[in-house]
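Text of coords_1.cif (mmCIF, N, CA and C atoms) as supplied:
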```
data_start
#
loop_
_atom_site.label_atom_id
_atom_site.label_comp_id
_atom_site.auth_asym_id
_atom_site.auth_seq_id
_atom_site.Cartn_x
_atom_site.Cartn_y
_atom_site.Cartn_z
N MET A 1 0.82 -1.20 0.00
CA MET A 1 0.00 0.00 0.00
C MET A 1 0.86 1.26 0.00
N HIS A 2 1.96 1.24 0.78
CA HIS A 2 2.85 2.39 0.83
C HIS A 2 3.51 2.64 -0.52
N LYS A 3 3.81 1.56 -1.25
CA LYS A 3 4.43 1.72 -2.56
C LYS A 3 3.49 2.44 -3.51
N ILE A 4 2.23 2.12 -3.46
CA ILE A 4 1.24 2.77 -4.33
C ILE A 4 1.16 4.26 -4.01
N ILE A 5 1.14 4.59 -2.75
CA ILE A 5 1.08 6.01 -2.34
C ILE A 5 2.34 6.74 -2.81
N LEU A 6 3.50 6.12 -2.65
CA LEU A 6 4.74 6.74 -3.09
C LEU A 6 4.77 6.93 -4.61
N ILE A 7 4.25 5.96 -5.33
CA ILE A 7 4.19 6.08 -6.79
C ILE A 7 3.25 7.22 -7.19
N LEU A 8 2.12 7.33 -6.53
CA LEU A 8 1.18 8.41 -6.82
C LEU A 8 1.79 9.78 -6.51
N ILE A 9 2.48 9.88 -5.41
CA ILE A 9 3.13 11.15 -5.04
C ILE A 9 4.20 11.50 -6.07
N ALA A 10 4.99 10.53 -6.48
CA ALA A 10 6.03 10.77 -7.49
C ALA A 10 5.39 11.21 -8.80
N PHE A 11 4.30 10.58 -9.19
CA PHE A 11 3.60 10.93 -10.43
C PHE A 11 3.10 12.37 -10.37
N ILE A 12 2.57 12.77 -9.23
CA ILE A 12 2.07 14.14 -9.07
C ILE A 12 3.21 15.14 -9.21
N PHE A 13 4.33 14.89 -8.57
CA PHE A 13 5.48 15.81 -8.67
C PHE A 13 6.01 15.88 -10.09
N ILE A 14 6.07 14.76 -10.77
CA ILE A 14 6.55 14.76 -12.16
C ILE A 14 5.58 15.54 -13.04
N SER A 15 4.28 15.34 -12.85
CA SER A 15 3.27 16.04 -13.65
C SER A 15 3.34 17.54 -13.44
N VAL A 16 3.45 17.95 -12.18
CA VAL A 16 3.53 19.38 -11.87
C VAL A 16 4.80 19.98 -12.46
N GLY A 17 5.90 19.28 -12.35
CA GLY A 17 7.17 19.76 -12.91
C GLY A 17 7.11 19.91 -14.41
N CYS A 18 6.51 18.96 -15.10
CA CYS A 18 6.40 19.04 -16.55
C CYS A 18 5.50 20.18 -16.97
N ASN A 19 4.38 20.37 -16.25
CA ASN A 19 3.46 21.45 -16.58
C ASN A 19 4.12 22.81 -16.40
N SER A 20 4.85 23.00 -15.30
CA SER A 20 5.45 24.30 -15.08
C SER A 20 6.57 24.55 -16.09
N LYS A 21 7.26 23.51 -16.53
CA LYS A 21 8.29 23.67 -17.57
C LYS A 21 7.63 24.15 -18.86
N LYS A 22 6.50 23.54 -19.23
CA LYS A 22 5.78 23.94 -20.43
C LYS A 22 5.28 25.38 -20.30
N GLN A 23 4.78 25.74 -19.13
CA GLN A 23 4.27 27.09 -18.91
C GLN A 23 5.40 28.12 -19.02
N ASN A 24 6.56 27.81 -18.47
CA ASN A 24 7.70 28.71 -18.58
C ASN A 24 8.16 28.82 -20.04
N GLN A 25 8.12 27.72 -20.76
CA GLN A 25 8.49 27.73 -22.18
C GLN A 25 7.49 28.59 -22.96
N ASN A 26 6.20 28.51 -22.59
CA ASN A 26 5.20 29.36 -23.24
C ASN A 26 5.55 30.83 -23.07
N ALA A 27 5.99 31.22 -21.89
CA ALA A 27 6.35 32.62 -21.63
C ALA A 27 7.53 33.04 -22.49
N GLU A 28 8.54 32.19 -22.60
CA GLU A 28 9.70 32.51 -23.44
C GLU A 28 9.32 32.60 -24.91
N ASN A 29 8.52 31.64 -25.37
CA ASN A 29 8.14 31.61 -26.77
C ASN A 29 7.22 32.78 -27.15
N LEU A 30 6.39 33.21 -26.23
CA LEU A 30 5.46 34.30 -26.52
C LEU A 30 6.20 35.56 -26.94
N ASN A 31 7.40 35.76 -26.40
CA ASN A 31 8.20 36.93 -26.77
C ASN A 31 8.63 36.90 -28.24
N LYS A 32 8.58 35.74 -28.87
CA LYS A 32 8.97 35.61 -30.28
C LYS A 32 7.81 35.88 -31.23
N ILE A 33 6.60 35.94 -30.70
CA ILE A 33 5.41 36.15 -31.53
C ILE A 33 5.27 37.63 -31.85
N LYS A 34 5.01 37.93 -33.12
CA LYS A 34 4.88 39.32 -33.58
C LYS A 34 3.57 39.50 -34.33
N ILE A 35 3.01 40.70 -34.23
CA ILE A 35 1.82 41.03 -35.00
C ILE A 35 2.15 40.89 -36.48
N GLY A 36 1.23 40.27 -37.22
CA GLY A 36 1.44 40.04 -38.65
C GLY A 36 1.84 38.61 -38.98
N MET A 37 2.23 37.82 -37.96
CA MET A 37 2.56 36.41 -38.20
C MET A 37 1.27 35.65 -38.53
N ASN A 38 1.42 34.54 -39.26
CA ASN A 38 0.25 33.71 -39.53
C ASN A 38 0.17 32.55 -38.54
N VAL A 39 -0.93 31.82 -38.61
CA VAL A 39 -1.19 30.73 -37.66
C VAL A 39 -0.07 29.70 -37.68
N LYS A 40 0.39 29.33 -38.86
CA LYS A 40 1.44 28.30 -38.97
C LYS A 40 2.71 28.75 -38.27
N GLU A 41 3.09 30.02 -38.43
CA GLU A 41 4.29 30.54 -37.78
C GLU A 41 4.14 30.50 -36.25
N VAL A 42 2.94 30.85 -35.77
CA VAL A 42 2.69 30.83 -34.32
C VAL A 42 2.80 29.41 -33.78
N ILE A 43 2.19 28.47 -34.46
CA ILE A 43 2.23 27.08 -33.99
C ILE A 43 3.66 26.54 -34.04
N ASN A 44 4.44 26.94 -35.02
CA ASN A 44 5.84 26.50 -35.08
C ASN A 44 6.62 26.98 -33.87
N ILE A 45 6.27 28.16 -33.35
CA ILE A 45 6.97 28.71 -32.19
C ILE A 45 6.36 28.23 -30.88
N MET A 46 5.04 28.34 -30.76
CA MET A 46 4.35 28.07 -29.50
C MET A 46 3.92 26.62 -29.32
N GLY A 47 3.76 25.90 -30.42
CA GLY A 47 3.18 24.57 -30.34
C GLY A 47 1.67 24.66 -30.41
N LYS A 48 1.02 23.54 -30.27
CA LYS A 48 -0.44 23.48 -30.32
C LYS A 48 -1.02 24.26 -29.13
N PRO A 49 -2.04 25.08 -29.38
CA PRO A 49 -2.62 25.86 -28.27
C PRO A 49 -3.35 24.95 -27.28
N ASP A 50 -3.44 25.41 -26.03
CA ASP A 50 -4.20 24.67 -25.03
C ASP A 50 -5.70 24.76 -25.32
N THR A 51 -6.12 25.88 -25.88
CA THR A 51 -7.53 26.09 -26.23
C THR A 51 -7.61 27.05 -27.41
N ILE A 52 -8.59 26.82 -28.29
CA ILE A 52 -8.89 27.77 -29.36
C ILE A 52 -10.25 28.36 -29.03
N ILE A 53 -10.33 29.68 -29.03
CA ILE A 53 -11.56 30.38 -28.64
C ILE A 53 -12.08 31.15 -29.85
N ILE A 54 -13.34 30.92 -30.19
CA ILE A 54 -14.01 31.68 -31.24
C ILE A 54 -14.87 32.73 -30.55
N ASP A 55 -14.66 33.99 -30.89
CA ASP A 55 -15.41 35.09 -30.27
C ASP A 55 -16.76 35.22 -30.95
N LYS A 56 -17.82 34.83 -30.25
CA LYS A 56 -19.15 34.86 -30.86
C LYS A 56 -19.69 36.28 -31.01
N TYR A 57 -19.07 37.25 -30.39
CA TYR A 57 -19.52 38.63 -30.52
C TYR A 57 -18.76 39.39 -31.60
N ASN A 58 -17.67 38.84 -32.05
CA ASN A 58 -16.87 39.49 -33.08
C ASN A 58 -16.36 38.40 -34.02
N ASP A 59 -17.07 38.20 -35.12
CA ASP A 59 -16.73 37.11 -36.04
C ASP A 59 -15.40 37.31 -36.74
N ASP A 60 -14.80 38.49 -36.60
CA ASP A 60 -13.54 38.77 -37.27
C ASP A 60 -12.34 38.28 -36.48
N ILE A 61 -12.54 37.72 -35.28
CA ILE A 61 -11.41 37.37 -34.42
C ILE A 61 -11.57 35.96 -33.86
N PHE A 62 -10.46 35.23 -33.82
CA PHE A 62 -10.38 34.02 -33.01
C PHE A 62 -9.05 34.09 -32.27
N ARG A 63 -8.91 33.32 -31.21
CA ARG A 63 -7.68 33.42 -30.42
C ARG A 63 -7.24 32.06 -29.92
N TYR A 64 -5.95 31.96 -29.73
CA TYR A 64 -5.33 30.79 -29.13
C TYR A 64 -5.00 31.13 -27.69
N LEU A 65 -5.26 30.20 -26.80
CA LEU A 65 -4.92 30.36 -25.39
C LEU A 65 -3.80 29.40 -25.06
N TYR A 66 -2.79 29.93 -24.37
CA TYR A 66 -1.70 29.12 -23.84
C TYR A 66 -1.62 29.38 -22.35
N ILE A 67 -1.45 28.34 -21.56
CA ILE A 67 -1.37 28.46 -20.11
C ILE A 67 -0.11 29.24 -19.75
N SER A 68 -0.26 30.23 -18.86
CA SER A 68 0.88 31.06 -18.47
C SER A 68 1.60 30.47 -17.27
N SER A 69 2.78 30.95 -17.06
CA SER A 69 3.56 30.54 -15.90
C SER A 69 3.11 31.33 -14.67
N SER A 70 3.54 30.91 -13.51
CA SER A 70 3.19 31.63 -12.29
C SER A 70 3.77 33.03 -12.36
N GLY A 71 3.11 33.96 -11.72
CA GLY A 71 3.55 35.34 -11.76
C GLY A 71 2.77 36.17 -12.76
N HIS A 72 1.97 35.51 -13.59
CA HIS A 72 1.12 36.22 -14.54
C HIS A 72 -0.31 36.21 -14.01
N SER A 73 -1.03 37.29 -14.22
CA SER A 73 -2.39 37.38 -13.71
C SER A 73 -3.41 36.72 -14.64
N ASP A 74 -2.99 36.38 -15.85
CA ASP A 74 -3.90 35.78 -16.81
C ASP A 74 -3.10 34.85 -17.72
N ASN A 75 -3.81 34.05 -18.50
CA ASN A 75 -3.15 33.19 -19.48
C ASN A 75 -2.71 34.04 -20.67
N PHE A 76 -1.98 33.41 -21.59
CA PHE A 76 -1.52 34.09 -22.79
C PHE A 76 -2.56 33.90 -23.88
N TYR A 77 -2.89 34.97 -24.57
CA TYR A 77 -3.82 34.91 -25.69
C TYR A 77 -3.16 35.51 -26.92
N ILE A 78 -3.31 34.83 -28.03
CA ILE A 78 -2.86 35.36 -29.31
C ILE A 78 -4.09 35.50 -30.19
N PHE A 79 -4.39 36.72 -30.60
CA PHE A 79 -5.58 37.03 -31.37
C PHE A 79 -5.25 37.02 -32.86
N PHE A 80 -6.14 36.43 -33.65
CA PHE A 80 -5.95 36.35 -35.10
C PHE A 80 -7.15 36.95 -35.81
N SER A 81 -6.90 37.51 -36.98
CA SER A 81 -7.98 37.94 -37.87
C SER A 81 -8.61 36.69 -38.48
N ASN A 82 -9.92 36.62 -38.47
CA ASN A 82 -10.63 35.48 -39.04
C ASN A 82 -10.54 35.51 -40.56
N GLN A 83 -10.27 36.66 -41.14
CA GLN A 83 -10.23 36.79 -42.60
C GLN A 83 -8.95 36.21 -43.19
N ASP A 84 -7.80 36.49 -42.57
CA ASP A 84 -6.54 36.04 -43.15
C ASP A 84 -5.65 35.29 -42.15
N SER A 85 -6.16 35.01 -40.96
CA SER A 85 -5.44 34.23 -39.94
C SER A 85 -4.09 34.83 -39.57
N ILE A 86 -4.03 36.16 -39.49
CA ILE A 86 -2.83 36.89 -39.13
C ILE A 86 -2.97 37.40 -37.69
N VAL A 87 -1.87 37.38 -36.93
CA VAL A 87 -1.89 37.87 -35.55
C VAL A 87 -2.22 39.37 -35.56
N THR A 88 -3.24 39.73 -34.77
CA THR A 88 -3.64 41.13 -34.66
C THR A 88 -3.34 41.71 -33.30
N ARG A 89 -3.22 40.83 -32.28
CA ARG A 89 -2.97 41.31 -30.93
C ARG A 89 -2.40 40.17 -30.09
N ILE A 90 -1.61 40.53 -29.08
CA ILE A 90 -1.00 39.53 -28.19
C ILE A 90 -1.23 39.98 -26.76
N ASN A 91 -1.78 39.09 -25.93
CA ASN A 91 -1.98 39.37 -24.52
C ASN A 91 -0.99 38.51 -23.74
N ASN A 92 -0.03 39.14 -23.08
CA ASN A 92 1.03 38.40 -22.39
C ASN A 92 0.70 38.02 -20.95
N GLY A 93 -0.56 38.20 -20.54
CA GLY A 93 -0.98 37.73 -19.23
C GLY A 93 -0.61 38.63 -18.07
N LEU A 94 -0.13 39.82 -18.34
CA LEU A 94 0.22 40.74 -17.25
C LEU A 94 -0.83 41.79 -17.06
#
```
Re-express the file's structure as structure tokens.
Amino acid sequence: MHKIILILIAFIFISVGCNSKKQNQNAENLNKIKIGMNVKEVINIMGKPDTIIIDKYNDDIFRYLYISSSGHSDNFYIFFSNQDSIVTRINNGL
């Protein structure tokens, strides 16, 4: 029984460590994103987004959400034009 608990605790620590590494990498990569880039360029830098959000109030915009690292008050959002899939705005979570 103790072995199972130790394995679960180890799994939790490994999972948390991997997530925070990815979140820190997201913060570093976000600095490479520039207005005017296309979706493919963003994915090459940031990787697959954690969530894709379609703005139902503004059909001209969709955004990718990436989980931010600790110290940020919000997640990272990259806004794209729905017409040409070009970055129009970047929210760095501060």
For A:Lys32: contacts at 8 Å, only N, CA and C atoms, fewer than 5 positions along chain excluded, given as a ChimeraX atom specification: /A:27,42,45
Here atom C of A:Gln25 and atom CA of A:Asn38 stand apart by 18.8 Å
Between A:Ser68, A:Asp74, A:Asn82, A:Val87, smallest distance to A:Ile43 by only C-alpha atoms belongs to A:Val87
For stretch 40-57 of chain A, I'd like the enclosing box, axis-aligned and padded by 5 Å on every side, reported as AutoDock Vina command-line options with centre and edge lengths in Å to one decimal.
```
--center_x -6.4 --center_y 31.4 --center_z -32.0 --size_x 36.7 --size_y 25.9 --size_z 23.9
```
Measuring atom to atom with all atoms listed in the file, identify which of A:Glu41, A:Gly47, A:Ile33, A:Tyr57 is nearest to A:Ile90.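 Using all atoms listed in the file, the shortest distance to A:Ile90 belongs to A:Ile33.
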From atom C of A:Ser85 to atom N of A:Tyr66 the spacing works out at 16.0 Å
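Using only C-alpha atoms for every distance, the candidate list A:Ile67, A:Met46, A:Ile61, A:Ile52 yields A:Ile61 as the residue closest to A:Phe80.
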Separating atom N of A:Arg89 from atom C of A:Tyr77, to the nearest tenth of an Å, is a gap of 7.6 Å
**Resolved residues for the PyMOL selection byres ((chain A and resi 53) around 6.5) as a PyMOL selection string** = chain A and resi 51-52+54-55+61-65
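With all atoms listed in the file taken into account, every residue lying no more than 6 Å from the file point (-1.2, 36.2, -21.1) is included here: Asp74, Asn75, Phe76, Tyr77, Asn91, Asn92, Gly93 and Leu94 of chain A.
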Next item on the list: I need the residue set behind the PyMOL selection byres (((chain A and resi 35 and name CA) around 6) and name CA) for this file; please write it as a PyMOL selection string.
Entry: chain A and resi 34+36-37+87-88
If you run DSSP on this backbone, which residues of stretch 29-67 of chain A come out as helix (DSSP H, G or I), and could you give them as a list in words?
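So the helix (DSSP H, G or I) residues in stretch 29-67 of chain A would be Asn29, Leu30, Val39, Lys40, Glu41, Val42, Ile43, Asn44, Ile45 and Met46 of chain A.
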